[in-house]
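The block underneath contains the structure these notes are about, expressed in structure tokens.
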Amino acid sequence: MNITIITVGKLKEKYLKEAVSEYSTRLSRYCKLDIVEVVDEKTPDNASEKVEEQIKHKEGEGILRHVKDNMYLIAMDLRGSMLSSEELSEFIEELGVKGESNLAFVIGGSLGLSKDVLKRANYRLCFSKMTFPHQLFRVMLLEQIYRGFRISNGEPYHK
């Protein structure tokens, strides 16, 4: 299986880079992983709704440039479906059985994802109603994908 994480912004903190590296190494046993970073547009303080939409649109264009036609796109969206770790594992496994072997998870910037990205998405996934920094969320997503592969392979994982 091929998994691509398309994310807005670069990792800055060393500890987050190390965590992403660790999970990337762990995941290499189960899939081919690619992480694509898209430019994070600056949001001015007190930006109007129109300016925020323009920023999301520009980031969305950057995201969609990396989305291939054969990718099953999973948008990380606060309005998406919430799954347990076991359900996410089953979801990924079922996609593979159905021939969807190129999955792309998309993490938006601080303003979220553009309408165009959400429209292209095959599925919208929400981890929590809480808001997380998108850099930290990258680590959380990789951990859950890794946990999902461990679960589907009947391997031990921390509950």
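Residues in the structure tokens are named by chain (A, B, ... in the order shown) and by number from 1 within that chain; ligands are numbered from 1 in the order shown.
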
Would you give me, as a list in words, the residues in region 4-46 of chain A that DSSP reads as strand (DSSP E or B)? Thr4, Ile5, Ile6, Thr7, Val8, Lys32, Leu33, Asp34, Ile35, Val36, Glu37 and Val38 of chain A

Taking 5 positions as the minimum chain separation for residues in the same chain, which residues sit within 6 Å of region 99-108 of chain A when counting only C-alpha atoms? Answer as a ChimeraX atom specification. /A:1-8,71-76,113

Can you work out which one of A:His158, A:Arg147, A:Lys50, A:His134 has the shortest atom-to-atom distance to Leu16 (chain A), counting only C-alpha atoms?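 Ranking A:His158, A:Arg147, A:Lys50, A:His134 by distance to Leu16 (chain A), first place goes to A:His134.
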
Among region 68-147 of chain A, which residues does DSSP mark as alpha helix (DSSP H) when it is run on the backbone? Keep the chain and numbering as in the structure and answer as a ChimeraX atom specification. /A:85-97,115-120,134-147

Keeping C-alpha atoms for every residue in the selection just given, could you write it to a file as a compact mmCIF listing (two decimals), in the first residue's frame?
```txt
# COMPACT_ATOMS: atom_id res chain seq x y z
CA SER A 85 -8.27 3.17 16.19
CA GLU A 86 -9.78 -0.24 15.44
CA GLU A 87 -12.29 1.27 13.02
CA LEU A 88 -9.55 3.25 11.24
CA SER A 89 -7.53 0.04 10.93
CA GLU A 90 -10.53 -1.77 9.44
CA PHE A 91 -11.26 1.19 7.12
CA ILE A 92 -7.70 1.20 5.71
CA GLU A 93 -7.74 -2.59 5.36
CA GLU A 94 -11.10 -2.52 3.52
CA LEU A 95 -9.81 0.14 1.14
CA GLY A 96 -6.87 -2.13 0.28
CA VAL A 97 -9.20 -5.08 -0.33
CA LYS A 115 -13.72 23.88 -0.44
CA ASP A 116 -11.96 22.45 -3.50
CA VAL A 117 -9.91 20.01 -1.40
CA LEU A 118 -12.98 18.97 0.58
CA LYS A 119 -14.90 18.49 -2.67
CA ARG A 120 -12.13 16.23 -4.06
CA HIS A 134 -1.13 20.94 12.40
CA GLN A 135 2.54 20.13 12.99
CA LEU A 136 1.73 17.98 16.04
CA PHE A 137 -1.22 16.49 14.23
CA ARG A 138 1.13 15.05 11.59
CA VAL A 139 2.75 12.92 14.31
CA MET A 140 -0.65 11.89 15.68
CA LEU A 141 -1.85 10.83 12.23
CA LEU A 142 1.29 8.79 11.54
CA GLU A 143 0.94 7.08 14.93
CA GLN A 144 -2.67 6.14 14.21
CA ILE A 145 -1.82 4.79 10.75
CA TYR A 146 1.00 2.74 12.31
CA ARG A 147 -1.35 1.52 15.05
```

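Among the candidates A:Ser128, A:Asn122, A:Thr25, A:Ser84, the one nearest to Asp69 (chain A) when counting only C-alpha atoms is A:Asn122.
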
So how many Å separate CA of Tyr30 (chain A) and CA of Tyr157 (chain A), to one decimal?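 Going from CA of Tyr30 (chain A) over to CA of Tyr157 (chain A), I get 14.8 Å.
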
From A:Ile151, A:Leu11, A:Ile55, A:Leu125, residue lying nearest Ser110 (chain A) [only C-alpha atoms]: A:Ile55

With only C-alpha atoms as the basis for distance, which of A:Tyr15, A:Pro156, A:Cys126, A:Val36 is at the shortest distance from His66 (chain A)? A:Val36

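Among the candidate residues A:Ser114, A:Leu83, A:Val51, A:Lys32, the one lying nearest to Ile63 (chain A) is A:Ser114, with distances computed using only C-alpha atoms.
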
Separation of CA of Thr43 (chain A) and CA of Met130 (chain A), in Å? 21.0 Å
